[in-house]
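Structure first, then comments.
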Amino acid sequence: MDMMKTPVYLDYNATARIRPQVIELVRKVMGEVGNASSVHGFGRAARKYVEDARTQVADLINVRAPQVIFNSGATEGINTVLCGFKDKRILISAIEHPAVLESAPHSEKIPVTEDGVVDLAAFEKLLKDGAPPALICVMLVNSETGVIQPVKEIAEIAKTHSPETLVMTDAVQAAGRIPLDFNDLGADFMVLSAHKMAGPQGVGALIFREGVSFEKFMCGGGQESRQRAGTHNTAGIAGMGLAAQLAGENLPAYEDITKLRDTLENEIRKATNRAVIYGANAPRVGNTSNIGLSGADAQTQLMSLDLEGFAVSSGSACSSGAWKASHVLTAMGADEAEAKSALRISLGWATTSAEIDAFIKAYKKMADRLSS
Ligand code: PLP
């Protein structure tokens, strides 16, 4: 890597760069003392940060503040919901995050089309083929492809089939990228994560429909209306609140990010006919591009781009020293070699057109080199 150059960060779906205003607020709150559960003035001041943040998160998704429970992140939110369904019928999309896949090993998978969208016909068939499911989990935006899932239709179909069926949607990769309305989606649970919307890591929220109950995952103190024990991460929560507000305010700027992503894909398509863009024909969020390069494995591409100063990721997971093909791409019909050749490039609020131009150049150089 040219050490004079600042590396370019294109891995926002792994974690987004925090907005400076959020860093400033988190730093300020960390400098103050007070447990949000204490009754004295210090505690009340900390409590105000938490409650203001609850309103900011609620506003982003159009719910009432008491429907928002703060926790340590989306993984915890998902585990909280799923721990109440251990011995019940659950349908989940085949492309869910591992937090869902591993919390519900007994679940039945709803297939996706080759465009990466949940297959509604297959879903209806699964519904009809057994007892009504207790829970359905379909993410709103897939983290690897950016493909937007028809959660509203899924909730409608599910509840027409059986009004008792509950629906959880993981909206981690949707927040700040598309408008969100929890009630309009018809879901009963939603999970969010601060660090994917330019907030701090290690803080998230579980949103629930009023009247729906869920099991307590963390035992201990009576925080969060006795629904999530553990001292509040006041600074993190305050940061999440501001990040949620800024995510909502900056939604229009997503058009610029989408233009950059589209330029990137068009230039790569022009440069090589070996590139395959996963999910390109489906509705997608504007920041994500998942590009397979036939004949070149993703780890080699990753290292080559890293040396040139570009941080991207692959969907493959490393387990016991071996790279496993992405379950998302294989669910879309990619074979193992194809899935193992795919890179995920994810842009964000701080990405510039100069960075994308430089990335395109580096990608072309890499593609040429890896073909010879
Ligand atoms: N769901 C999706 C779609 C994600 O992309 C991630 C993060 O990678 C998670 C859940 C887990 O979120 P957290 O890091 O807040 O536990």
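If you're wondering about the labels, chains in the structure tokens are A, B, ... by order shown, residues count from 1 in each chain, ligands from 1 in order shown.
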Show me which residues line ligand 1, defined as having an atom within 6 Å of a ligand atom where only C-alpha atoms and all ligand atoms count, and present them as a PyMOL selection string. chain A and resi 14+73-75+97+142-143+170+172-173+193+204
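Take the candidates A:Ser353, A:Thr160, A:Gln227, A:Asn281 and check each one against Asp256 in chain A using only C-alpha atoms; the shortest distance goes to A:Ser353.
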Among range 18-135 of chain A, which residues carry a DSSP assignment of strand (DSSP E or B), reported as a PyMOL selection string? chain A and resi 68-71+90-93+108-110+112+118+135
Can you write out the residues you just picked, keeping C-alpha atoms, as a PDB file, in the first residue's frame?
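Dumped to selection10.pdb:
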ATOM      1  CA  VAL A  68     -38.227   0.892  21.864  1.00  0.00           C
ATOM      2  CA  ILE A  69     -36.017  -1.220  24.160  1.00  0.00           C
ATOM      3  CA  PHE A  70     -32.302  -0.442  24.165  1.00  0.00           C
ATOM      4  CA  ASN A  71     -29.837  -3.322  24.248  1.00  0.00           C
ATOM      5  CA  ILE A  90     -40.520 -20.804  12.770  1.00  0.00           C
ATOM      6  CA  LEU A  91     -40.064 -19.855   9.134  1.00  0.00           C
ATOM      7  CA  ILE A  92     -37.022 -17.752   8.281  1.00  0.00           C
ATOM      8  CA  SER A  93     -35.670 -16.553   4.976  1.00  0.00           C
ATOM      9  CA  GLU A 108     -37.635 -23.951   8.150  1.00  0.00           C
ATOM     10  CA  LYS A 109     -36.036 -21.874   5.421  1.00  0.00           C
ATOM     11  CA  ILE A 110     -38.008 -19.797   2.935  1.00  0.00           C
ATOM     12  CA  VAL A 112     -35.152 -16.778  -2.351  1.00  0.00           C
ATOM     13  CA  VAL A 118     -37.823 -14.003  -0.776  1.00  0.00           C
ATOM     14  CA  LEU A 135     -42.944 -16.724  14.036  1.00  0.00           C
TER      15      LEU A 135
END
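Pairwise distance (CA of Gln245 in chain A, CA of Asp59 in chain A) equals 7.8 Å.
Between CA of Gly309 in chain A and CA of Arg284 in chain A the interatomic distance comes to 26.7 Å.
Counting only C-alpha atoms and comparing A:Met366, A:Ile157, A:Ile291, A:Met168, the residue that lies closest to Glu124 in chain A is A:Ile157.
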Output as a Markdown table one row per residue of range 211-250 of chain A within 8 Å of range 176-192 of chain A: the closest atom pair and its distance in Å to one decimal place, counting only C-alpha atoms, sorted by chain and residue number ascending.
| residue | atom | partner | partner_atom | distance |
| --- | --- | --- | --- | --- |
| A:Val212 | CA | A:Asp188 | CA | 7.1 |
| A:Ala244 | CA | A:Gly176 | CA | 7.4 |
| A:Ala247 | CA | A:Gly176 | CA | 4.3 |
| A:Gly248 | CA | A:Gly176 | CA | 5.7 |
| A:Asn250 | CA | A:Gly176 | CA | 7.3 |
Write out as JSON, numbers by chain all residues of range 163-276 of chain A that backbone DSSP assigns to alpha helix (DSSP H). {"A": [182, 183, 184, 185, 223, 224, 225, 226, 234, 235, 236, 237, 238, 239, 240, 241, 242, 243, 244, 245, 246, 247, 248, 249, 254, 255, 256, 257, 258, 259, 260, 261, 262, 263, 264, 265, 266, 267, 268, 269, 270, 271]}
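For the atom pair formed by CA of Glu308 in chain A and CA of Ile257 in chain A, the distance is 22.3 Å, given to one decimal.
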So that I can see what lies close to Asn233 in chain A, please list as a list in words the residues with an atom at most 12 Å from it, counting only C-alpha atoms and leaving out residues fewer than 6 positions away in the same chain. Val26, Val29, Met30, Val33, Gly34, Asn35, Ala36, Ser37, Ala46, Arg47, Tyr49, Val50, Ala53, Phe70, Asn71, Ser72, Gly73, Pro200, Gln201, Gly202, Val203, Gly204, Ala205, Gln223, Glu224, Gly239 and Met240 of chain A
Create the file for the chosen residues now, containing C-alpha atoms and written as a PDB file, in the first residue's frame.
ATOM      1  CA  VAL A  26     -20.740  10.228  22.990  1.00  0.00           C
ATOM      2  CA  VAL A  29     -21.886  11.958  27.761  1.00  0.00           C
ATOM      3  CA  MET A  30     -18.951   9.729  28.722  1.00  0.00           C
ATOM      4  CA  VAL A  33     -21.237  10.694  35.709  1.00  0.00           C
ATOM      5  CA  GLY A  34     -24.612   9.116  36.478  1.00  0.00           C
ATOM      6  CA  ASN A  35     -26.508   5.846  36.233  1.00  0.00           C
ATOM      7  CA  ALA A  36     -29.751   6.342  34.305  1.00  0.00           C
ATOM      8  CA  SER A  37     -31.564   4.352  37.024  1.00  0.00           C
ATOM      9  CA  ALA A  46     -28.291  10.388  32.367  1.00  0.00           C
ATOM     10  CA  ARG A  47     -31.918   9.245  32.127  1.00  0.00           C
ATOM     11  CA  TYR A  49     -30.094  11.196  27.419  1.00  0.00           C
ATOM     12  CA  VAL A  50     -31.664   7.726  27.304  1.00  0.00           C
ATOM     13  CA  ALA A  53     -32.588   8.827  22.349  1.00  0.00           C
ATOM     14  CA  PHE A  70     -32.302  -0.442  24.165  1.00  0.00           C
ATOM     15  CA  ASN A  71     -29.837  -3.322  24.248  1.00  0.00           C
ATOM     16  CA  SER A  72     -26.336  -4.260  23.117  1.00  0.00           C
ATOM     17  CA  GLY A  73     -27.108  -4.606  19.409  1.00  0.00           C
ATOM     18  CA  PRO A 200     -21.425   3.603  18.067  1.00  0.00           C
ATOM     19  CA  GLN A 201     -20.810  -0.158  18.212  1.00  0.00           C
ATOM     20  CA  GLY A 202     -22.342  -2.284  20.958  1.00  0.00           C
ATOM     21  CA  VAL A 203     -25.737  -0.630  21.159  1.00  0.00           C
ATOM     22  CA  GLY A 204     -29.004  -1.440  19.462  1.00  0.00           C
ATOM     23  CA  ALA A 205     -32.742  -1.534  19.892  1.00  0.00           C
ATOM     24  CA  GLN A 223     -34.059  -1.413  33.510  1.00  0.00           C
ATOM     25  CA  GLU A 224     -36.020  -0.749  30.331  1.00  0.00           C
ATOM     26  CA  GLY A 239     -25.073   8.208  20.288  1.00  0.00           C
ATOM     27  CA  MET A 240     -27.602   5.828  18.802  1.00  0.00           C
TER      28      MET A 240
END
So that I can check the surroundings of Val147 in chain A, please list as a ChimeraX atom specification every protein, DNA and RNA residue that reaches within 9 Å of it, counting only C-alpha atoms and ignoring chain neighbours fewer than 2 positions away. /A:115-117,140-145,149,279-280,282-285,288
Output N, CA, C and O atoms for every residue in that selection, as an mmCIF file, in the first residue's frame.
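Output (out-v9.cif):
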data_model
loop_
_atom_site.group_PDB
_atom_site.id
_atom_site.type_symbol
_atom_site.label_atom_id
_atom_site.label_comp_id
_atom_site.auth_asym_id
_atom_site.auth_seq_id
_atom_site.Cartn_x
_atom_site.Cartn_y
_atom_site.Cartn_z
ATOM 1 N N ASP A 115 -32.686 -13.526 -7.902
ATOM 2 C CA ASP A 115 -32.395 -12.105 -7.680
ATOM 3 C C ASP A 115 -32.185 -11.791 -6.199
ATOM 4 O O ASP A 115 -31.916 -10.643 -5.832
ATOM 5 N N GLY A 116 -32.377 -12.795 -5.342
ATOM 6 C CA GLY A 116 -32.114 -12.574 -3.919
ATOM 7 C C GLY A 116 -33.302 -12.059 -3.124
ATOM 8 O O GLY A 116 -33.136 -11.543 -2.019
ATOM 9 N N VAL A 117 -34.503 -12.206 -3.698
ATOM 10 C CA VAL A 117 -35.725 -11.749 -3.020
ATOM 11 C C VAL A 117 -36.476 -12.978 -2.513
ATOM 12 O O VAL A 117 -36.546 -13.996 -3.221
ATOM 13 N N LEU A 140 -35.219 -6.951 6.385
ATOM 14 C CA LEU A 140 -35.739 -5.953 5.449
ATOM 15 C C LEU A 140 -34.756 -5.696 4.308
ATOM 16 O O LEU A 140 -35.164 -5.522 3.162
ATOM 17 N N VAL A 141 -33.470 -5.695 4.644
ATOM 18 C CA VAL A 141 -32.442 -5.505 3.613
ATOM 19 C C VAL A 141 -31.328 -6.513 3.885
ATOM 20 O O VAL A 141 -30.849 -6.619 5.022
ATOM 21 N N ASN A 142 -30.938 -7.229 2.858
ATOM 22 C CA ASN A 142 -29.872 -8.211 3.053
ATOM 23 C C ASN A 142 -28.515 -7.514 3.146
ATOM 24 O O ASN A 142 -28.204 -6.639 2.333
ATOM 25 N N SER A 143 -27.711 -7.960 4.097
ATOM 26 C CA SER A 143 -26.430 -7.279 4.334
ATOM 27 C C SER A 143 -25.411 -7.523 3.232
ATOM 28 O O SER A 143 -24.532 -6.709 3.004
ATOM 29 N N GLU A 144 -25.513 -8.646 2.533
ATOM 30 C CA GLU A 144 -24.497 -8.949 1.517
ATOM 31 C C GLU A 144 -24.830 -8.353 0.156
ATOM 32 O O GLU A 144 -23.944 -7.943 -0.574
ATOM 33 N N THR A 145 -26.126 -8.374 -0.200
ATOM 34 C CA THR A 145 -26.506 -7.906 -1.537
ATOM 35 C C THR A 145 -27.205 -6.550 -1.522
ATOM 36 O O THR A 145 -27.331 -5.909 -2.560
ATOM 37 N N GLN A 149 -36.307 -6.710 0.919
ATOM 38 C CA GLN A 149 -37.247 -7.843 0.959
ATOM 39 C C GLN A 149 -38.690 -7.364 1.135
ATOM 40 O O GLN A 149 -38.937 -6.347 1.791
ATOM 41 N N GLY A 279 -28.027 -9.581 -7.324
ATOM 42 C CA GLY A 279 -29.189 -8.797 -6.875
ATOM 43 C C GLY A 279 -29.438 -7.554 -7.722
ATOM 44 O O GLY A 279 -30.298 -6.737 -7.394
ATOM 45 N N ALA A 280 -28.696 -7.415 -8.846
ATOM 46 C CA ALA A 280 -28.793 -6.176 -9.635
ATOM 47 C C ALA A 280 -30.194 -5.946 -10.201
ATOM 48 O O ALA A 280 -30.574 -4.800 -10.465
ATOM 49 N N ALA A 282 -33.018 -6.649 -8.686
ATOM 50 C CA ALA A 282 -34.015 -6.531 -7.611
ATOM 51 C C ALA A 282 -33.945 -5.132 -7.006
ATOM 52 O O ALA A 282 -32.944 -4.435 -7.180
ATOM 53 N N PRO A 283 -35.003 -4.714 -6.296
ATOM 54 C CA PRO A 283 -34.862 -3.431 -5.578
ATOM 55 C C PRO A 283 -33.760 -3.558 -4.534
ATOM 56 O O PRO A 283 -33.710 -4.548 -3.795
ATOM 57 N N ARG A 284 -32.856 -2.588 -4.534
ATOM 58 C CA ARG A 284 -31.724 -2.658 -3.587
ATOM 59 C C ARG A 284 -31.532 -1.321 -2.894
ATOM 60 O O ARG A 284 -31.906 -0.290 -3.451
ATOM 61 N N VAL A 285 -30.904 -1.344 -1.727
ATOM 62 C CA VAL A 285 -30.475 -0.078 -1.137
ATOM 63 C C VAL A 285 -29.312 0.445 -1.980
ATOM 64 O O VAL A 285 -28.631 -0.329 -2.658
ATOM 65 N N THR A 288 -24.897 -0.645 -1.629
ATOM 66 C CA THR A 288 -24.276 -1.972 -1.595
ATOM 67 C C THR A 288 -24.092 -2.543 -2.992
ATOM 68 O O THR A 288 -25.004 -2.454 -3.824
#
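When only C-alpha atoms are used to measure the gap to Thr169 in chain A, the shortest distance among A:Ala311, A:Ile237, A:Ile360, A:Ile78 belongs to A:Ile78.
The closest residue to Ile23 in chain A, picked from A:Ala198, A:Leu251, A:Ala271, A:Leu260 and counting only C-alpha atoms, is A:Ala198.
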